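J.: Below is the file start.pdb, which contains PDB, C-alpha atoms.
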MODEL        1
ATOM      1  CA  MET A   1      55.850 -28.012  -1.060
ATOM      2  CA  GLN A   2      52.534 -29.793  -1.353
ATOM      3  CA  VAL A   3      49.198 -28.072  -1.930
ATOM      4  CA  GLU A   4      46.060 -30.200  -1.599
ATOM      5  CA  ILE A   5      42.756 -28.842  -2.880
ATOM      6  CA  TRP A   6      39.440 -30.417  -1.892
ATOM      7  CA  THR A   7      36.950 -29.754  -4.670
ATOM      8  CA  ASP A   8      33.777 -30.907  -6.412
ATOM      9  CA  VAL A   9      32.838 -30.558 -10.083
ATOM     10  CA  ASN A  10      29.384 -29.299  -9.006
ATOM     11  CA  CYS A  11      31.004 -26.333  -7.252
ATOM     12  CA  PRO A  12      31.249 -23.045  -9.220
ATOM     13  CA  PHE A  13      33.522 -21.543  -6.590
ATOM     14  CA  CYS A  14      35.928 -24.455  -7.099
ATOM     15  CA  TYR A  15      36.017 -23.619 -10.807
ATOM     16  CA  LEU A  16      36.655 -19.957 -10.046
ATOM     17  CA  GLY A  17      39.102 -20.686  -7.232
ATOM     18  CA  LYS A  18      41.192 -22.983  -9.416
ATOM     19  CA  LYS A  19      41.755 -20.171 -11.898
ATOM     20  CA  ARG A  20      42.672 -17.655  -9.211
ATOM     21  CA  PHE A  21      44.999 -20.109  -7.467
ATOM     22  CA  ASN A  22      46.690 -21.032 -10.751
ATOM     23  CA  ASP A  23      47.169 -17.347 -11.548
ATOM     24  CA  ALA A  24      48.934 -16.914  -8.209
ATOM     25  CA  LEU A  25      50.995 -20.061  -8.694
ATOM     26  CA  ALA A  26      52.131 -18.911 -12.148
ATOM     27  CA  GLU A  27      53.718 -15.831 -10.529
ATOM     28  CA  PHE A  28      55.235 -17.734  -7.606
ATOM     29  CA  ASP A  29      59.032 -17.888  -7.867
ATOM     30  CA  ALA A  30      59.242 -21.428  -6.468
ATOM     31  CA  ARG A  31      56.338 -22.783  -8.535
ATOM     32  CA  GLU A  32      58.471 -25.628  -9.942
ATOM     33  CA  SER A  33      58.800 -26.959  -6.392
ATOM     34  CA  VAL A  34      55.047 -26.988  -5.719
ATOM     35  CA  THR A  35      53.054 -30.196  -6.151
ATOM     36  CA  VAL A  36      49.298 -29.710  -6.462
ATOM     37  CA  THR A  37      46.882 -32.557  -5.732
ATOM     38  CA  HIS A  38      43.125 -32.277  -6.125
ATOM     39  CA  ARG A  39      41.198 -34.182  -3.461
ATOM     40  CA  SER A  40      37.657 -35.551  -3.625
ATOM     41  CA  PHE A  41      34.714 -33.906  -1.881
ATOM     42  CA  GLU A  42      31.056 -34.524  -2.785
ATOM     43  CA  LEU A  43      28.799 -31.580  -2.076
ATOM     44  CA  ASP A  44      25.747 -33.843  -2.036
ATOM     45  CA  PRO A  45      26.525 -37.575  -2.062
ATOM     46  CA  THR A  46      22.819 -38.356  -1.543
ATOM     47  CA  ILE A  47      21.929 -37.412  -5.131
ATOM     48  CA  PRO A  48      20.994 -40.644  -6.937
ATOM     49  CA  ALA A  49      23.553 -41.760  -9.499
ATOM     50  CA  GLY A  50      22.459 -41.568 -13.098
ATOM     51  CA  THR A  51      20.237 -38.524 -12.621
ATOM     52  CA  SER A  52      20.436 -34.932 -13.799
ATOM     53  CA  GLY A  53      18.514 -31.851 -12.687
ATOM     54  CA  SER A  54      18.342 -28.110 -13.261
ATOM     55  CA  VAL A  55      20.880 -26.103 -11.261
ATOM     56  CA  VAL A  56      18.547 -23.116 -10.941
ATOM     57  CA  GLU A  57      15.640 -25.230  -9.706
ATOM     58  CA  HIS A  58      17.937 -27.083  -7.303
ATOM     59  CA  LEU A  59      19.327 -23.848  -5.820
ATOM     60  CA  ALA A  60      15.880 -22.321  -5.474
ATOM     61  CA  GLN A  61      14.571 -25.354  -3.625
ATOM     62  CA  LYS A  62      17.646 -25.873  -1.450
ATOM     63  CA  TYR A  63      17.972 -22.263  -0.272
ATOM     64  CA  GLY A  64      14.310 -21.244  -0.329
ATOM     65  CA  ARG A  65      14.758 -18.764  -3.157
ATOM     66  CA  THR A  66      12.578 -17.903  -6.095
ATOM     67  CA  LEU A  67      13.657 -19.164  -9.497
ATOM     68  CA  GLU A  68      14.551 -15.607 -10.494
ATOM     69  CA  GLN A  69      16.709 -15.143  -7.388
ATOM     70  CA  ALA A  70      18.526 -18.394  -8.123
ATOM     71  CA  ALA A  71      18.971 -17.399 -11.757
ATOM     72  CA  ASP A  72      20.342 -14.019 -10.678
ATOM     73  CA  GLY A  73      22.884 -15.802  -8.480
ATOM     74  CA  GLU A  74      24.036 -17.762 -11.504
ATOM     75  CA  ARG A  75      24.406 -14.534 -13.478
ATOM     76  CA  GLN A  76      26.520 -13.042 -10.696
ATOM     77  CA  LEU A  77      28.740 -16.125 -10.674
ATOM     78  CA  GLY A  78      29.030 -15.865 -14.439
ATOM     79  CA  ALA A  79      30.192 -12.268 -14.171
ATOM     80  CA  ALA A  80      32.838 -13.211 -11.581
ATOM     81  CA  ALA A  81      34.031 -16.088 -13.759
ATOM     82  CA  ASN A  82      34.214 -13.860 -16.828
ATOM     83  CA  GLU A  83      36.216 -11.300 -14.860
ATOM     84  CA  ALA A  84      38.717 -14.048 -14.010
ATOM     85  CA  GLY A  85      38.965 -15.019 -17.673
ATOM     86  CA  LEU A  86      36.659 -18.042 -17.571
ATOM     87  CA  GLU A  87      33.634 -18.916 -19.671
ATOM     88  CA  TYR A  88      30.416 -19.566 -17.745
ATOM     89  CA  VAL A  89      26.989 -20.587 -19.021
ATOM     90  CA  THR A  90      24.467 -18.837 -16.791
ATOM     91  CA  SER A  91      21.355 -20.802 -17.776
ATOM     92  CA  GLY A  92      20.490 -24.389 -18.585
ATOM     93  CA  ARG A  93      23.251 -26.035 -16.527
ATOM     94  CA  ASP A  94      22.568 -29.288 -14.700
ATOM     95  CA  TYR A  95      23.769 -30.888 -11.483
ATOM     96  CA  GLY A  96      24.039 -34.444 -10.235
ATOM     97  CA  ASN A  97      26.029 -37.115  -8.436
ATOM     98  CA  SER A  98      29.765 -36.522  -8.930
ATOM     99  CA  PHE A  99      31.173 -39.762  -7.501
ATOM    100  CA  ASP A 100      32.128 -41.236 -10.883
ATOM    101  CA  MET A 101      33.832 -37.978 -11.814
ATOM    102  CA  HIS A 102      35.908 -38.191  -8.653
ATOM    103  CA  ARG A 103      36.841 -41.768  -9.557
ATOM    104  CA  LEU A 104      38.010 -40.558 -12.958
ATOM    105  CA  LEU A 105      40.036 -37.813 -11.290
ATOM    106  CA  GLN A 106      41.710 -40.349  -8.991
ATOM    107  CA  TRP A 107      42.557 -42.476 -12.033
ATOM    108  CA  ALA A 108      43.888 -39.464 -13.917
ATOM    109  CA  ALA A 109      46.060 -38.570 -10.922
ATOM    110  CA  GLN A 110      47.785 -41.945 -11.175
ATOM    111  CA  LEU A 111      48.507 -41.141 -14.821
ATOM    112  CA  GLY A 112      49.953 -37.764 -13.840
ATOM    113  CA  ARG A 113      47.143 -36.007 -15.736
ATOM    114  CA  GLN A 114      44.700 -34.972 -13.054
ATOM    115  CA  GLU A 115      44.761 -31.295 -14.035
ATOM    116  CA  GLN A 116      43.708 -32.124 -17.597
ATOM    117  CA  MET A 117      40.798 -34.242 -16.420
ATOM    118  CA  LEU A 118      39.594 -31.656 -13.914
ATOM    119  CA  ASP A 119      39.843 -28.822 -16.424
ATOM    120  CA  ALA A 120      37.860 -30.852 -18.960
ATOM    121  CA  LEU A 121      35.115 -31.592 -16.417
ATOM    122  CA  TYR A 122      34.955 -27.965 -15.286
ATOM    123  CA  VAL A 123      34.640 -26.692 -18.850
ATOM    124  CA  ALA A 124      31.966 -29.282 -19.633
ATOM    125  CA  ASN A 125      29.969 -28.292 -16.561
ATOM    126  CA  PHE A 126      30.361 -24.523 -16.527
ATOM    127  CA  ALA A 127      31.204 -23.439 -20.063
ATOM    128  CA  GLU A 128      29.145 -25.793 -22.259
ATOM    129  CA  GLN A 129      25.391 -26.085 -22.734
ATOM    130  CA  ALA A 130      25.229 -29.894 -23.002
ATOM    131  CA  PRO A 131      24.227 -31.648 -19.729
ATOM    132  CA  LEU A 132      27.120 -33.312 -17.936
ATOM    133  CA  PHE A 133      25.550 -35.464 -15.227
ATOM    134  CA  GLY A 134      23.746 -38.790 -15.335
ATOM    135  CA  ASP A 135      25.227 -40.013 -18.622
ATOM    136  CA  ASP A 136      28.373 -42.147 -18.843
ATOM    137  CA  ASP A 137      28.627 -41.521 -22.577
ATOM    138  CA  ARG A 138      28.873 -37.789 -21.893
ATOM    139  CA  LEU A 139      31.679 -38.393 -19.396
ATOM    140  CA  VAL A 140      33.491 -40.551 -21.935
ATOM    141  CA  GLN A 141      33.102 -37.814 -24.529
ATOM    142  CA  VAL A 142      34.536 -35.204 -22.169
ATOM    143  CA  ALA A 143      37.471 -37.404 -21.112
ATOM    144  CA  THR A 144      38.395 -38.492 -24.631
ATOM    145  CA  GLY A 145      38.159 -34.875 -25.750
ATOM    146  CA  ALA A 146      40.898 -34.165 -23.210
ATOM    147  CA  GLY A 147      43.083 -36.888 -24.721
ATOM    148  CA  PHE A 148      42.246 -39.867 -22.507
ATOM    149  CA  ASP A 149      41.851 -43.339 -23.999
ATOM    150  CA  GLU A 150      38.182 -44.230 -24.499
ATOM    151  CA  ALA A 151      38.501 -47.907 -23.592
ATOM    152  CA  ALA A 152      40.400 -47.069 -20.410
ATOM    153  CA  VAL A 153      37.820 -44.441 -19.412
ATOM    154  CA  ARG A 154      34.956 -46.886 -19.937
ATOM    155  CA  GLU A 155      36.817 -49.538 -17.955
ATOM    156  CA  VAL A 156      36.942 -47.221 -14.948
ATOM    157  CA  LEU A 157      33.331 -46.109 -15.279
ATOM    158  CA  ASN A 158      32.028 -49.656 -15.731
ATOM    159  CA  ASP A 159      33.544 -50.858 -12.453
ATOM    160  CA  PRO A 160      32.073 -48.921  -9.496
ATOM    161  CA  SER A 161      34.801 -50.232  -7.204
ATOM    162  CA  ARG A 162      37.661 -48.716  -9.222
ATOM    163  CA  TYR A 163      39.200 -45.845  -7.245
ATOM    164  CA  ALA A 164      36.194 -45.729  -4.914
ATOM    165  CA  ASP A 165      38.424 -46.296  -1.879
ATOM    166  CA  GLU A 166      40.656 -43.388  -2.914
ATOM    167  CA  VAL A 167      37.647 -41.092  -3.128
ATOM    168  CA  ARG A 168      36.431 -42.183   0.297
ATOM    169  CA  ARG A 169      39.889 -41.671   1.823
ATOM    170  CA  ASP A 170      39.960 -38.084   0.590
ATOM    171  CA  GLU A 171      36.495 -37.478   1.990
ATOM    172  CA  ALA A 172      37.459 -39.014   5.317
ATOM    173  CA  GLN A 173      40.518 -36.758   5.472
ATOM    174  CA  ALA A 174      38.350 -33.735   4.755
ATOM    175  CA  GLN A 175      36.049 -34.731   7.595
ATOM    176  CA  GLU A 176      39.053 -35.124   9.882
ATOM    177  CA  PHE A 177      40.201 -31.613   8.953
ATOM    178  CA  GLY A 178      36.718 -30.282   9.620
ATOM    179  CA  VAL A 179      36.143 -29.227   6.026
ATOM    180  CA  GLY A 180      32.543 -28.090   5.670
ATOM    181  CA  GLY A 181      32.688 -26.705   2.152
ATOM    182  CA  VAL A 182      34.842 -26.409  -0.924
ATOM    183  CA  PRO A 183      37.149 -25.298  -2.351
ATOM    184  CA  PHE A 184      39.491 -25.929   0.561
ATOM    185  CA  TYR A 185      43.262 -25.538   0.171
ATOM    186  CA  VAL A 186      45.843 -27.102   2.490
ATOM    187  CA  PHE A 187      49.496 -26.066   2.270
ATOM    188  CA  ASP A 188      51.991 -28.659   3.515
ATOM    189  CA  ARG A 189      49.343 -29.935   5.978
ATOM    190  CA  LYS A 190      50.101 -26.797   7.989
ATOM    191  CA  TYR A 191      48.109 -23.873   6.600
ATOM    192  CA  ALA A 192      44.639 -23.764   5.076
ATOM    193  CA  VAL A 193      42.641 -21.383   2.919
ATOM    194  CA  SER A 194      38.886 -21.761   2.491
ATOM    195  CA  GLY A 195      36.891 -20.531  -0.483
ATOM    196  CA  ALA A 196      37.578 -18.952  -3.874
ATOM    197  CA  GLN A 197      39.881 -16.278  -2.525
ATOM    198  CA  SER A 198      41.586 -13.638  -4.650
ATOM    199  CA  SER A 199      44.860 -14.417  -6.397
ATOM    200  CA  GLU A 200      46.530 -12.035  -3.954
ATOM    201  CA  VAL A 201      45.401 -14.108  -0.964
ATOM    202  CA  PHE A 202      46.629 -17.300  -2.638
ATOM    203  CA  ALA A 203      49.964 -15.624  -3.376
ATOM    204  CA  GLN A 204      50.313 -14.701   0.301
ATOM    205  CA  ALA A 205      49.462 -18.253   1.363
ATOM    206  CA  LEU A 206      52.050 -19.728  -1.008
ATOM    207  CA  ALA A 207      54.723 -17.327   0.257
ATOM    208  CA  LYS A 208      53.880 -18.007   3.902
ATOM    209  CA  ALA A 209      53.889 -21.774   3.509
ATOM    210  CA  TRP A 210      57.127 -21.693   1.507
ATOM    211  CA  ALA A 211      58.886 -19.503   4.062
ATOM    212  CA  ASP A 212      57.805 -21.745   6.930
ATOM    213  CA  ARG A 213      58.916 -25.031   5.419
ATOM    214  CA  PRO A 214      60.675 -27.138   8.054
ATOM    215  CA  GLY A 215      64.415 -27.308   7.659
ATOM    216  CA  PRO A 216      66.943 -29.777   9.078
ATOM    217  CA  THR A 217      67.787 -29.514  12.763
ATOM    218  CA  LEU A 218      71.515 -29.158  13.369
ATOM    219  CA  ILE A 219      72.635 -31.749  15.918
ATOM    220  CA  ALA A 220      76.412 -31.429  15.422
ATOM    221  CA  ASP A 221      78.706 -28.804  13.991
ATOM    222  CA  GLY A 222      82.137 -29.601  12.582
ATOM    223  CA  ASP A 223      84.612 -28.852   9.829
ATOM    224  CA  ALA A 224      82.910 -28.206   6.495
ATOM    225  CA  CYS A 225      83.245 -26.409   3.163
ATOM    226  CA  GLY A 226      81.109 -23.415   2.251
ATOM    227  CA  PRO A 227      80.889 -20.600  -0.298
ATOM    228  CA  ASP A 228      83.969 -18.968   1.244
ATOM    229  CA  GLY A 229      86.092 -22.077   1.233
ATOM    230  CA  CYS A 230      86.883 -24.908   3.629
ATOM    231  CA  ALA A 231      87.547 -24.761   7.327
ATOM    232  CA  VAL A 232      91.126 -25.345   8.405
ATOM    233  CA  PRO A 233      91.316 -28.464  10.564
ATOM    234  CA  GLN A 234      92.317 -27.736  14.128
ATOM    235  CA  ASN A 235      94.838 -30.024  15.834
TER     236      ASN A 235
ENDMDL
END
Hey, can you dump this file as structure tokens for me?

T.:
Amino acid sequence: MQVEIWTDVNCPFCYLGKKRFNDALAEFDARESVTVTHRSFELDPTIPAGTSGSVVEHLAQKYGRTLEQAADGERQLGAAANEAGLEYVTSGRDYGNSFDMHRLLQWAAQLGRQEQMLDALYVANFAEQAPLFGDDDRLVQVATGAGFDEAAVREVLNDPSRYADEVRRDEAQAQEFGVGGVPFYVFDRKYAVSGAQSSEVFAQALAKAWADRPGPTLIADGDACGPDGCAVPQN
């Protein structure tokens, strides 16, 4: 069974949702048969590359809140993350253009190590004080800290065309599905779950999608062997 998750490193609910989904998956009996792929989705692709800004100031301006209201929202998110077992820095975080991060995630997926890259980026953004956006050296530091080769990471970052098409394909697919926000989970291209739902909801979605997997259609029935033995040929 395939689970595709559209996500963005800027998104705190994606960070929280990943933990809750993984908790549900860890308890799922058929977890070894589930393939998880993280898909690209930019919350704000208009942010200039190479820039970094205050999350609290950005939220206040975007949603017409006071700085204190925006800061309180961050504290509430921090409490929810802590309850799920995640670290969350509630002040001083930055935001920015995530396109290069998505390119790194596409590259890591080809290496079979997408989860490690995404986890490293999430921790750097939500659990560490150092700014994450607008600095290639910071991205290199995060990636190499997760065990990726520095020269290979820089090679991807230094070529804006590397894995750009893969990012755009994911975003086009999201648009086709009508995805308006993330996280967004698609199970076998048949069922979808939107938002950082509880682990219980994710467990129900996994069970539903697994139970409804398409099976082979029987077009002929003849002599065969089964658990109780083999059919006796009829003359």

J.: Contacts of range 48-56 of chain A at 6 Å or less, counting all atoms listed in the file, minus same-chain residues fewer than 4 places along, as a list in words?

T.: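 My list of contacting residues is Ala70, Ala71, Arg93, Asp94, Tyr95, Gly96, Asn97, Phe133 and Gly134 of chain A.
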
J.: Just to confirm, what's the straight-line distance from CA of Trp6 in chain A to CA of Phe184 in chain A in Å (one decimal)?

T.: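 That distance, rounded to one decimal, is 5.1 Å.
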
J.: Using only C-alpha atoms, what does the table of range 127-216 of chain A residues within 9 Å of range 13-30 of chain A look like, with each row giving the shortest atom pair and its distance in Å to one decimal, sorted by chain and ascending number, as a Markdown table?

T.:
| residue | atom | partner | partner_atom | distance |
| --- | --- | --- | --- | --- |
| A:Val182 | CA | A:Cys14 | CA | 6.6 |
| A:Pro183 | CA | A:Cys14 | CA | 5.0 |
| A:Phe184 | CA | A:Cys14 | CA | 8.6 |
| A:Gly195 | CA | A:Phe13 | CA | 7.0 |
| A:Ala196 | CA | A:Gly17 | CA | 4.1 |
| A:Gln197 | CA | A:Gly17 | CA | 6.5 |
| A:Ser198 | CA | A:Arg20 | CA | 6.2 |
| A:Ser199 | CA | A:Arg20 | CA | 4.8 |
| A:Glu200 | CA | A:Ala24 | CA | 6.9 |
| A:Val201 | CA | A:Ala24 | CA | 8.5 |
| A:Phe202 | CA | A:Phe21 | CA | 5.8 |
| A:Ala203 | CA | A:Ala24 | CA | 5.1 |
| A:Gln204 | CA | A:Ala24 | CA | 8.9 |
| A:Leu206 | CA | A:Phe28 | CA | 7.6 |
| A:Ala207 | CA | A:Phe28 | CA | 7.9 |
| A:Trp210 | CA | A:Ala30 | CA | 8.3 |

J.: When you look at range 136-139 of chain A with a cut-off of 10 Å (counting all atoms listed in the file), what residues show up, excluding the ones that are within fewer than 2 positions of it in the same chain? I need them as number ranges by chain.

T.: A: 50, 100-101, 104, 120-121, 124, 130-134, 141-145, 153-154, 157-158

J.: Restricted to C-alpha atoms, what would the selected residues look like written as a PDB file, keeping the file's coordinate frame?

T.:
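Output file out-v7.pdb follows:
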ATOM      1  CA  GLY A  50      22.459 -41.568 -13.098  1.00  0.00           C
ATOM      2  CA  ASP A 100      32.128 -41.236 -10.883  1.00  0.00           C
ATOM      3  CA  MET A 101      33.832 -37.978 -11.814  1.00  0.00           C
ATOM      4  CA  LEU A 104      38.010 -40.558 -12.958  1.00  0.00           C
ATOM      5  CA  ALA A 120      37.860 -30.852 -18.960  1.00  0.00           C
ATOM      6  CA  LEU A 121      35.115 -31.592 -16.417  1.00  0.00           C
ATOM      7  CA  ALA A 124      31.966 -29.282 -19.633  1.00  0.00           C
ATOM      8  CA  ALA A 130      25.229 -29.894 -23.002  1.00  0.00           C
ATOM      9  CA  PRO A 131      24.227 -31.648 -19.729  1.00  0.00           C
ATOM     10  CA  LEU A 132      27.120 -33.312 -17.936  1.00  0.00           C
ATOM     11  CA  PHE A 133      25.550 -35.464 -15.227  1.00  0.00           C
ATOM     12  CA  GLY A 134      23.746 -38.790 -15.335  1.00  0.00           C
ATOM     13  CA  GLN A 141      33.102 -37.814 -24.529  1.00  0.00           C
ATOM     14  CA  VAL A 142      34.536 -35.204 -22.169  1.00  0.00           C
ATOM     15  CA  ALA A 143      37.471 -37.404 -21.112  1.00  0.00           C
ATOM     16  CA  THR A 144      38.395 -38.492 -24.631  1.00  0.00           C
ATOM     17  CA  GLY A 145      38.159 -34.875 -25.750  1.00  0.00           C
ATOM     18  CA  VAL A 153      37.820 -44.441 -19.412  1.00  0.00           C
ATOM     19  CA  ARG A 154      34.956 -46.886 -19.937  1.00  0.00           C
ATOM     20  CA  LEU A 157      33.331 -46.109 -15.279  1.00  0.00           C
ATOM     21  CA  ASN A 158      32.028 -49.656 -15.731  1.00  0.00           C
TER      22      ASN A 158
END

J.: Find the distance between CA of Phe187 in chain A and CA of Arg31 in chain A and write it in Å to one decimal.

T.: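 Answer for the CA of Phe187 in chain A to CA of Arg31 in chain A separation: 13.2 Å.
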
J.: I'd like the contact shell of range 72-79 of chain A - 8 Å cut-off, only C-alpha atoms, skipping same-chain residues fewer than 3 positions apart - returned as a list in words.

T.: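 Close residues of range 72-79 of chain A: Pro12, Val56, Glu68, Gln69, Asn82, Glu83, Glu87, Tyr88, Val89, Thr90 and Ser91 of chain A.
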
J.: Do you have the CA of Glu4 in chain A-CA of Thr37 in chain A distance handy?

T.: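 Atom-to-atom, CA of Glu4 in chain A to CA of Thr37 in chain A, that is 4.8 Å.
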
J.: Could you list the residues chosen by the PyMOL selection byres ((chain A and resi 179) around 12) in this structure as number ranges by chain?

T.: A: 5-7, 39-43, 170-178, 180-186, 192-195

J.: Could you name the residues that touch Tyr122 in chain A at 7 Å or less, counting all atoms listed in the file, but leaving out those on the same chain fewer than 3 positions away, as a PyMOL selection string?

T.: chain A and resi 9+15+118-119+125-126

J.: So which one's closest to Gly112 in chain A, A:Asn10, A:Thr66, A:Gln129, A:Thr35? Using all atoms listed in the file, please.

T.: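 Going through A:Asn10, A:Thr66, A:Gln129, A:Thr35 one by one, the smallest distance to Gly112 in chain A is for A:Thr35.
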
J.: Rank nothing, just name the residue among A:Arg162, A:Arg189, A:His102, A:Arg213 nearest to Ser33 in chain A, using all atoms listed in the file.

T.: A:Arg213
